[in-house]
Amino acid sequence: MSYYDIYTKYKDSKWNGLLEDVSKQTIERSIYSDNVNIDQLIALLSPKAEERLEEMASRAHEITLRYFGRTIQLYTPMYLSDYCDNECLYCGFNSKNRIKRKRLSLDEVEKEAQFISATGLKHILILTGDSRSQSPINYIKDCLETLRKYFSSVSIEIYALTENEYKELVQEGVDGLTIYQETYDEECYKKLHPKGPKSDYLFRLDAPERGAKAGMRNINIGVLLGLNDWRRDIFFTALHAKYLQDNFTDVEIGSSIPRIRPNIGNFKALYEVSDKNMVQIILVLRLFLPRLGISVSTREDPNFRENLIGLGITRMSAGSTTRVGGHTIEVYGEGSSQFEISDTRSVAEIMALLEKKGYQGILKDWLPL
Amino acid sequence: MPEDILYIGKRPIKNRLFIGTGKFSSNAVMKQVLEEVGPDVITVALRRVDSTSKTENILDYIPKECIIMPNTSGARNAEEAIRIARLARASGSGDWVKVEVIKDNKYLLPDNLETLKATEALVKENFTVLPYMSPDLSMAKRLQDAGASAVMPLGSPIGSSRGLKTKELVEILIHELNVPVIVDAGLGRPSDACECMELGCAAVLVNTAIAIAQDPANMARAFSKAVKAGRLAYISGIPSSSVEAKASSPLTGFLRDS
């Protein structure tokens, strides 16, 4: 079994018709449903539902408060290596981009870890480019040995692995897996990922499931908004999250909602995703999956992020850099960030902001067993 | 009336409102709530405790005289619950533990079988074990036989604020068990807590309804009063209710005439 079966079932739906033919009554029922079904999911995603955003927000706010309380969990990414064998059109690490590349030495990993840990953060997300030669599993394991000393939860956002490889990393203390499908549209995916291991759509699509089978506690999925029609991509994200929730009930499933940011390759979003659309996305995900973790990164600007608190998000990154060694090492080359971040505030500033908004920033929410 | 004291293990407990700490907007707000309630028992998720934190540690906000009951939140099976309980004890938070084993992230309903396994093991290690459970009589009896110091059936799913939807089953537990029955989870209003106490629950545990209220400290006060009212009603002997007036004795009245 694979999520691909579900994707296949819906991929050829007459989307334009489906999204246009939604009645006001269906939208109304969907907003107040305790168990949103697929027709109702489509209704909430429809352009017509934009007229009801305030009501959707009020429901989403209430549901999120009940299940997550007045808390937002904080984390930060740590880039270990930007060597990459892929040519993803939208990414700053695209192997065709002539940038000076870097992989952190274990000493450098330790320095970055010390810096981040001093901010109080206990949750870290480690990232590498897609290069099994430059950042092999053994390198990641070596890094984990260092990172375990500083953090109580380590998640990975690296190239797709086999189930056994995920198991190996779980044994070394990894508890979370973030892996984005970027777009669920198979044709579009192939165009955007012309070369390299990531061009294997199916291997990527099944990665979250392999991670869940390998014993990951948290699985975080998502698309890169702007690559394709967001309504369709969010529909498939929502169904994918539900598929994982249904089949792996003991795994906490989450979704991020990254929107394309400027990067060194100068790739421009193919589809516009407005702030209003972003809000609708958060609300739809919350109403469809009441217990879904929803993360918003520093890609979004400070003002917008502040306004999203209370709408349904449960996790925020803080004090971020998208450059290898970005916390402690001087810039080693031009344009070596994966993408530009927009909210550059420190962990302390985000904690203070949350407090002002009546929320508690959670720096630690797991302990290694 | 003699003083009404609940014993869990050997510990006397005066305040029958237990407080959960997971969802507050800040430790300072939680502290206000604790001052308002003056609870004897407070549950804390060990996964959230950061004893190395330079800024703040949740335990610093809890009055010394309270019993801290770490919970095993995050445990997906008995083995993980046991490990979390041991880590809690090693961190110096005492011997009480709320066993919480959840394999279901959709509804957060407990896994009774794994809960039983963890309870058996932890009792043997001299923990005071309060298992969070779905109200099932035979499982509750097994937990009691395994040495649980109380059982904590849910009123409705965690955070749902739906109230005491499991009333019939909880009532059976109250009748049949010798250990205290404490309703944990799902209580949304003070009247829900009052209902539990009128029924004969030994205590209730509340977090969400207080933590996410507009005014948590005053909501805590309302819950406090409701728990006390419900308890007082219970020990005062609540008359059974009836829809009809009871003016005469139509069935046995003839006995007087003879």
# chains A, B, ... in the order shown; residues from 1 in each chain; ligands from 1
$ closest_atom_pairs --of "segment 39-153 of chain A" --to "segment 300-320 of chain A" --cutoff "6 Å" --atoms "only C-alpha atoms" --output "CSV"
residue,atom,partner,partner_atom,distance
A:Ala57,CA,A:Leu311,CA,5.9
A:Ala60,CA,A:Gly312,CA,5.8
A:His61,CA,A:Leu311,CA,5.0
A:Thr64,CA,A:Gly312,CA,5.5
A:Ile72,CA,A:Thr314,CA,5.0
A:Gln73,CA,A:Arg315,CA,4.6
A:Leu74,CA,A:Met316,CA,5.1
A:Tyr75,CA,A:Ser317,CA,4.8
A:Thr76,CA,A:Ser317,CA,5.0
$ interface_residues --of "chain A" --to "chain B" --cutoff "6 Å" --atoms "only C-alpha atoms" --output "list in words"
Arg66, Tyr67, Gly69, Arg70, Thr249, Asp250, Gly358, Tyr359, Gln360, Lys364, Asp365, Trp366 and Leu367 of chain A
$ residues_around --residues "Ser33 of chain A" --least-positions-apart "4" --cutoff "12 Å" --atoms "only C-alpha atoms" --output "PDB file with N, CA and C atoms, in the first residue's frame"
ATOM      1  N   GLN A  25     -24.129  26.369   1.143  1.00  0.00           N
ATOM      2  CA  GLN A  25     -24.578  25.497   2.232  1.00  0.00           C
ATOM      3  C   GLN A  25     -23.500  24.472   2.603  1.00  0.00           C
ATOM      4  N   THR A  26     -22.847  23.925   1.558  1.00  0.00           N
ATOM      5  CA  THR A  26     -21.791  22.942   1.838  1.00  0.00           C
ATOM      6  C   THR A  26     -20.649  23.601   2.612  1.00  0.00           C
ATOM      7  N   ILE A  27     -20.303  24.819   2.233  1.00  0.00           N
ATOM      8  CA  ILE A  27     -19.232  25.518   2.945  1.00  0.00           C
ATOM      9  C   ILE A  27     -19.643  25.720   4.397  1.00  0.00           C
ATOM     10  N   GLU A  28     -20.858  26.172   4.586  1.00  0.00           N
ATOM     11  CA  GLU A  28     -21.391  26.387   5.940  1.00  0.00           C
ATOM     12  C   GLU A  28     -21.280  25.101   6.783  1.00  0.00           C
ATOM     13  N   ARG A  29     -21.774  23.998   6.195  1.00  0.00           N
ATOM     14  CA  ARG A  29     -21.741  22.721   6.925  1.00  0.00           C
ATOM     15  C   ARG A  29     -20.312  22.294   7.213  1.00  0.00           C
ATOM     16  N   ASN A  37     -15.284  15.709   5.840  1.00  0.00           N
ATOM     17  CA  ASN A  37     -15.009  14.652   4.852  1.00  0.00           C
ATOM     18  C   ASN A  37     -14.380  15.263   3.590  1.00  0.00           C
ATOM     19  N   ILE A  38     -14.163  14.431   2.597  1.00  0.00           N
ATOM     20  CA  ILE A  38     -13.402  14.906   1.430  1.00  0.00           C
ATOM     21  C   ILE A  38     -14.156  15.976   0.646  1.00  0.00           C
ATOM     22  N   ASP A  39     -15.470  15.806   0.497  1.00  0.00           N
ATOM     23  CA  ASP A  39     -16.245  16.843  -0.187  1.00  0.00           C
ATOM     24  C   ASP A  39     -16.165  18.167   0.571  1.00  0.00           C
ATOM     25  N   GLN A  40     -16.220  18.054   1.882  1.00  0.00           N
ATOM     26  CA  GLN A  40     -16.157  19.264   2.698  1.00  0.00           C
ATOM     27  C   GLN A  40     -14.768  19.892   2.655  1.00  0.00           C
ATOM     28  N   LEU A  41     -13.736  19.034   2.561  1.00  0.00           N
ATOM     29  CA  LEU A  41     -12.373  19.553   2.414  1.00  0.00           C
ATOM     30  C   LEU A  41     -12.280  20.399   1.146  1.00  0.00           C
ATOM     31  N   ALA A  43     -14.739  21.876  -0.341  1.00  0.00           N
ATOM     32  CA  ALA A  43     -15.532  23.097  -0.133  1.00  0.00           C
ATOM     33  C   ALA A  43     -14.712  24.155   0.613  1.00  0.00           C
ATOM     34  N   LEU A  44     -13.977  23.726   1.639  1.00  0.00           N
ATOM     35  CA  LEU A  44     -13.199  24.685   2.425  1.00  0.00           C
ATOM     36  C   LEU A  44     -12.032  25.265   1.628  1.00  0.00           C
ATOM     37  N   MET A  56     -14.162  30.624   9.597  1.00  0.00           N
ATOM     38  CA  MET A  56     -13.227  29.495   9.611  1.00  0.00           C
ATOM     39  C   MET A  56     -12.125  29.749  10.635  1.00  0.00           C
ATOM     40  N   ARG A  59     -13.339  29.106  14.207  1.00  0.00           N
ATOM     41  CA  ARG A  59     -13.375  27.671  14.519  1.00  0.00           C
ATOM     42  C   ARG A  59     -11.965  27.114  14.686  1.00  0.00           C
ATOM     43  N   ALA A  60     -11.078  27.492  13.760  1.00  0.00           N
ATOM     44  CA  ALA A  60      -9.709  26.972  13.792  1.00  0.00           C
ATOM     45  C   ALA A  60      -9.015  27.406  15.080  1.00  0.00           C
ATOM     46  N   ILE A  63     -10.394  25.254  17.993  1.00  0.00           N
ATOM     47  CA  ILE A  63      -9.907  23.864  17.944  1.00  0.00           C
ATOM     48  C   ILE A  63      -8.436  23.807  18.361  1.00  0.00           C
ATOM     49  N   LEU A 287      -9.090  22.653  10.220  1.00  0.00           N
ATOM     50  CA  LEU A 287     -10.457  22.135  10.302  1.00  0.00           C
ATOM     51  C   LEU A 287     -10.516  20.681   9.840  1.00  0.00           C
ATOM     52  N   PHE A 288      -9.689  20.321   8.870  1.00  0.00           N
ATOM     53  CA  PHE A 288      -9.706  18.946   8.356  1.00  0.00           C
ATOM     54  C   PHE A 288      -9.026  17.985   9.333  1.00  0.00           C
ATOM     55  N   LEU A 289      -7.912  18.432   9.925  1.00  0.00           N
ATOM     56  CA  LEU A 289      -7.143  17.560  10.824  1.00  0.00           C
ATOM     57  C   LEU A 289      -6.865  18.303  12.137  1.00  0.00           C
ATOM     58  N   PRO A 290      -7.800  18.209  13.092  1.00  0.00           N
ATOM     59  CA  PRO A 290      -7.701  19.017  14.310  1.00  0.00           C
ATOM     60  C   PRO A 290      -6.377  18.875  15.066  1.00  0.00           C
TER      61      PRO A 290
END
$ closest_residue --among "A:Ala348, A:Gly325, A:Glu165, A:Arg231" --to "Pro47 of chain A" --atoms "only C-alpha atoms"
A:Arg231
$ residues_around --residues "segment 91-100 of chain B" --least-positions-apart "6" --cutoff "10 Å" --atoms "only C-alpha atoms" --output "ChimeraX atom specification"
/B:9,41,43-46,49,51,59,67-78,81-82,84-85,108-112,114-116,118-119,122,125-133,148-152
$ write_last_selection --atoms "C-alpha atoms" --output "mmCIF file, in the first residue's frame"
data_model
loop_
_atom_site.group_PDB
_atom_site.id
_atom_site.type_symbol
_atom_site.label_atom_id
_atom_site.label_comp_id
_atom_site.auth_asym_id
_atom_site.auth_seq_id
_atom_site.Cartn_x
_atom_site.Cartn_y
_atom_site.Cartn_z
ATOM 1 C CA GLY B 9 -1.235 5.661 48.965
ATOM 2 C CA VAL B 41 -1.452 17.372 43.348
ATOM 3 C CA THR B 43 0.787 16.874 37.012
ATOM 4 C CA VAL B 44 3.703 17.903 34.804
ATOM 5 C CA ALA B 45 4.833 16.354 31.516
ATOM 6 C CA LEU B 46 8.412 15.253 32.046
ATOM 7 C CA VAL B 49 10.830 19.835 32.005
ATOM 8 C CA SER B 51 16.291 21.220 34.364
ATOM 9 C CA LEU B 59 9.193 23.258 38.498
ATOM 10 C CA ILE B 67 2.905 16.647 45.163
ATOM 11 C CA ILE B 68 4.374 16.741 41.673
ATOM 12 C CA MET B 69 3.003 13.906 39.612
ATOM 13 C CA PRO B 70 5.072 13.611 36.429
ATOM 14 C CA ASN B 71 3.122 12.123 33.548
ATOM 15 C CA THR B 72 4.487 9.856 30.866
ATOM 16 C CA SER B 73 3.094 11.939 28.013
ATOM 17 C CA GLY B 74 4.702 10.852 24.760
ATOM 18 C CA ALA B 75 4.923 7.187 25.724
ATOM 19 C CA ARG B 76 3.610 4.957 22.939
ATOM 20 C CA ASN B 77 3.939 1.710 24.864
ATOM 21 C CA ALA B 78 4.569 0.330 28.354
ATOM 22 C CA ALA B 81 6.230 4.834 29.954
ATOM 23 C CA ILE B 82 8.447 2.886 32.331
ATOM 24 C CA ILE B 84 9.986 8.053 31.376
ATOM 25 C CA ALA B 85 8.857 7.268 34.929
ATOM 26 C CA LEU B 108 -5.465 10.812 22.351
ATOM 27 C CA LEU B 109 -7.322 7.854 23.829
ATOM 28 C CA PRO B 110 -5.226 5.692 26.139
ATOM 29 C CA ASP B 111 -4.038 2.165 25.422
ATOM 30 C CA ASN B 112 -5.386 0.297 28.440
ATOM 31 C CA GLU B 114 -0.001 -1.101 27.722
ATOM 32 C CA THR B 115 -1.098 1.069 30.636
ATOM 33 C CA LEU B 116 -1.655 -2.078 32.697
ATOM 34 C CA ALA B 118 3.460 -0.203 32.780
ATOM 35 C CA THR B 119 1.466 -0.018 36.004
ATOM 36 C CA LEU B 122 6.176 0.568 38.133
ATOM 37 C CA GLU B 125 9.540 -0.417 41.556
ATOM 38 C CA ASN B 126 7.643 1.279 44.408
ATOM 39 C CA PHE B 127 6.117 4.086 42.431
ATOM 40 C CA THR B 128 2.753 5.521 43.449
ATOM 41 C CA VAL B 129 0.984 4.875 40.166
ATOM 42 C CA LEU B 130 -2.117 6.670 38.922
ATOM 43 C CA PRO B 131 -3.010 5.310 35.491
ATOM 44 C CA TYR B 132 -4.936 7.364 32.951
ATOM 45 C CA MET B 133 -7.414 4.995 31.298
ATOM 46 C CA ALA B 148 -2.495 1.252 41.199
ATOM 47 C CA SER B 149 -3.133 3.821 43.936
ATOM 48 C CA ALA B 150 -6.095 5.267 42.049
ATOM 49 C CA VAL B 151 -7.530 5.014 38.553
ATOM 50 C CA MET B 152 -8.056 7.998 36.298
#
$ select_by_dssp --residues "segment 6-238 of chain B" --states "alpha helix (DSSP H)" --output "NGL selection string"
:B and (27-37 or 78-90 or 112-124 or 137-146 or 167-176 or 190-199 or 208-211 or 216-236)
$ select_by_dssp --residues "segment 5-236 of chain B" --states "strand (DSSP E or B)" --output "JSON, numbers by chain"
{"B": [6, 7, 8, 11, 12, 13, 17, 18, 19, 20, 41, 42, 43, 44, 45, 67, 68, 69, 70, 71, 96, 97, 98, 99, 102, 110, 128, 129, 130, 131, 132, 133, 151, 152, 153, 181, 182, 183, 184, 203, 204, 205, 206]}
$ residues_around --residues "segment 174-177 of chain B" --least-positions-apart "3" --cutoff "12 Å" --atoms "only C-alpha atoms" --output "ChimeraX atom specification"
/B:135-145,148-153,167-171,180-183,196-203
$ write_last_selection --atoms "N, CA and C atoms" --output "compact mmCIF listing (two decimals), in the first residue's frame"
# COMPACT_ATOMS: atom_id res chain seq x y z
N PRO B 135 -12.53 4.13 30.73
CA PRO B 135 -13.26 3.51 31.83
C PRO B 135 -13.85 2.15 31.47
N ASP B 136 -13.07 1.13 31.75
CA ASP B 136 -13.50 -0.24 31.49
C ASP B 136 -13.35 -0.98 32.82
N LEU B 137 -14.43 -1.60 33.28
CA LEU B 137 -14.42 -2.17 34.63
C LEU B 137 -13.36 -3.25 34.82
N SER B 138 -13.29 -4.20 33.88
CA SER B 138 -12.35 -5.28 34.15
C SER B 138 -10.91 -4.77 34.12
N MET B 139 -10.64 -3.82 33.24
CA MET B 139 -9.29 -3.26 33.23
C MET B 139 -9.02 -2.45 34.50
N ALA B 140 -10.00 -1.72 34.95
CA ALA B 140 -9.82 -0.94 36.19
C ALA B 140 -9.53 -1.87 37.37
N LYS B 141 -10.23 -3.02 37.40
CA LYS B 141 -9.97 -3.97 38.48
C LYS B 141 -8.57 -4.56 38.37
N ARG B 142 -8.16 -4.83 37.15
CA ARG B 142 -6.79 -5.34 36.96
C ARG B 142 -5.77 -4.32 37.42
N LEU B 143 -6.02 -3.05 37.11
CA LEU B 143 -5.10 -1.99 37.53
C LEU B 143 -5.05 -1.91 39.05
N GLN B 144 -6.23 -2.03 39.65
CA GLN B 144 -6.31 -2.01 41.11
C GLN B 144 -5.52 -3.19 41.69
N ASP B 145 -5.74 -4.37 41.11
CA ASP B 145 -5.04 -5.56 41.60
C ASP B 145 -3.53 -5.44 41.38
N ALA B 148 -2.29 -0.18 41.49
CA ALA B 148 -2.50 1.25 41.20
C ALA B 148 -3.08 1.93 42.43
N SER B 149 -2.65 3.14 42.73
CA SER B 149 -3.13 3.82 43.94
C SER B 149 -4.46 4.52 43.71
N ALA B 150 -4.81 4.69 42.45
CA ALA B 150 -6.09 5.27 42.05
C ALA B 150 -6.24 4.93 40.57
N VAL B 151 -7.43 5.10 40.02
CA VAL B 151 -7.53 5.01 38.55
C VAL B 151 -8.08 6.34 38.04
N MET B 152 -7.64 6.71 36.85
CA MET B 152 -8.06 8.00 36.30
C MET B 152 -8.73 7.82 34.94
N PRO B 153 -10.03 7.51 34.97
CA PRO B 153 -10.75 7.37 33.70
C PRO B 153 -10.99 8.73 33.06
N LYS B 167 -20.15 8.91 31.82
CA LYS B 167 -20.76 8.87 33.14
C LYS B 167 -21.17 7.46 33.61
N GLU B 168 -21.90 6.74 32.76
CA GLU B 168 -22.41 5.42 33.18
C GLU B 168 -21.26 4.50 33.58
N LEU B 169 -20.19 4.54 32.79
CA LEU B 169 -19.07 3.64 33.05
C LEU B 169 -18.27 4.07 34.27
N VAL B 170 -18.10 5.39 34.41
CA VAL B 170 -17.36 5.90 35.57
C VAL B 170 -18.13 5.58 36.85
N GLU B 171 -19.44 5.67 36.78
CA GLU B 171 -20.26 5.37 37.95
C GLU B 171 -20.06 3.92 38.40
N PRO B 180 -9.45 5.04 44.83
CA PRO B 180 -10.14 6.26 44.38
C PRO B 180 -10.27 6.33 42.86
N VAL B 181 -11.39 6.88 42.42
CA VAL B 181 -11.61 7.10 40.98
C VAL B 181 -11.53 8.61 40.73
N ILE B 182 -10.61 8.98 39.85
CA ILE B 182 -10.37 10.41 39.59
C ILE B 182 -10.60 10.67 38.11
N VAL B 183 -11.57 11.51 37.80
CA VAL B 183 -11.82 11.77 36.37
C VAL B 183 -10.78 12.74 35.84
N CYS B 196 -19.02 15.20 38.42
CA CYS B 196 -18.13 14.09 38.79
C CYS B 196 -18.10 13.90 40.30
N MET B 197 -18.00 15.01 41.01
CA MET B 197 -17.87 14.92 42.47
C MET B 197 -19.19 14.46 43.10
N GLU B 198 -20.31 14.94 42.59
CA GLU B 198 -21.62 14.50 43.10
C GLU B 198 -21.80 13.00 42.92
N LEU B 199 -21.21 12.51 41.83
CA LEU B 199 -21.32 11.10 41.51
C LEU B 199 -20.52 10.22 42.48
N GLY B 200 -19.50 10.83 43.10
CA GLY B 200 -18.68 10.07 44.03
C GLY B 200 -17.24 9.90 43.61
N CYS B 201 -16.83 10.66 42.58
CA CYS B 201 -15.42 10.64 42.22
C CYS B 201 -14.62 11.18 43.39
N ALA B 202 -13.40 10.66 43.55
CA ALA B 202 -12.57 11.11 44.66
C ALA B 202 -11.95 12.47 44.37
N ALA B 203 -11.72 12.73 43.10
CA ALA B 203 -11.10 14.00 42.70
C ALA B 203 -11.27 14.14 41.19
$ residues_around --residues "Ala214 of chain A" --least-positions-apart "4" --cutoff "8 Å" --atoms "only C-alpha atoms" --output "number ranges by chain"
A: 163-164, 166-167, 170, 210
$ write_last_selection --atoms "C-alpha atoms" --output "PDB file, in the first residue's frame"
ATOM      1  CA  GLU A 163      13.393   2.223   5.741  1.00  0.00           C
ATOM      2  CA  ASN A 164      16.518   0.561   7.100  1.00  0.00           C
ATOM      3  CA  TYR A 166      15.760   5.608   8.716  1.00  0.00           C
ATOM      4  CA  LYS A 167      15.912   2.867  11.354  1.00  0.00           C
ATOM      5  CA  VAL A 170      16.272   6.457  14.799  1.00  0.00           C
ATOM      6  CA  ARG A 210       9.078   4.512   5.444  1.00  0.00           C
TER       7      ARG A 210
END
$ residues_around --residues "Glu209 of chain A" --least-positions-apart "2" --cutoff "10 Å" --atoms "only C-alpha atoms" --output "ChimeraX atom specification"
/A:1-3,163,204-207,211-214,216,219,240,243-244,247-248
$ write_last_selection --atoms "C-alpha atoms" --output "compact mmCIF listing (two decimals), in the first residue's frame"
# COMPACT_ATOMS: atom_id res chain seq x y z
CA MET A 1 0.00 0.00 0.00
CA SER A 2 1.15 3.50 -0.74
CA TYR A 3 -0.25 7.00 -0.67
CA GLU A 163 13.39 2.22 5.74
CA ARG A 204 10.11 10.65 -2.38
CA LEU A 205 6.36 10.19 -1.98
CA ASP A 206 6.73 7.05 0.12
CA ALA A 207 9.54 8.42 2.29
CA GLY A 211 10.09 6.90 8.22
CA ALA A 212 6.95 6.08 10.19
CA LYS A 213 7.60 2.36 9.81
CA ALA A 214 11.17 2.92 11.00
CA MET A 216 10.05 8.13 13.83
CA ILE A 219 6.69 13.17 10.56
CA HIS A 240 -1.39 12.54 2.73
CA TYR A 243 -3.30 8.78 5.32
CA LEU A 244 -0.29 8.86 7.64
CA ASN A 247 -2.05 4.22 9.25
CA PHE A 248 0.49 5.22 11.88
$ atom_distance --atom1 "atom CA of Tyr61 of chain B" --atom2 "atom CA of Val154 of chain A"
27.8 Å
$ closest_residue --among "A:Phe236, A:Ile156, A:Ile116, A:Cys188" --to "Ser13 of chain A" --atoms "only C-alpha atoms"
A:Phe236
$ closest_residue --among "B:Leu173, B:Ala226, B:Ala146, B:Ala217" --to "Glu120 of chain B" --atoms "only C-alpha atoms"
B:Ala146
$ atom_distance --atom1 "atom CA of Glu186 of chain A" --atom2 "atom CA of Lys11 of chain A"
9.2 Å
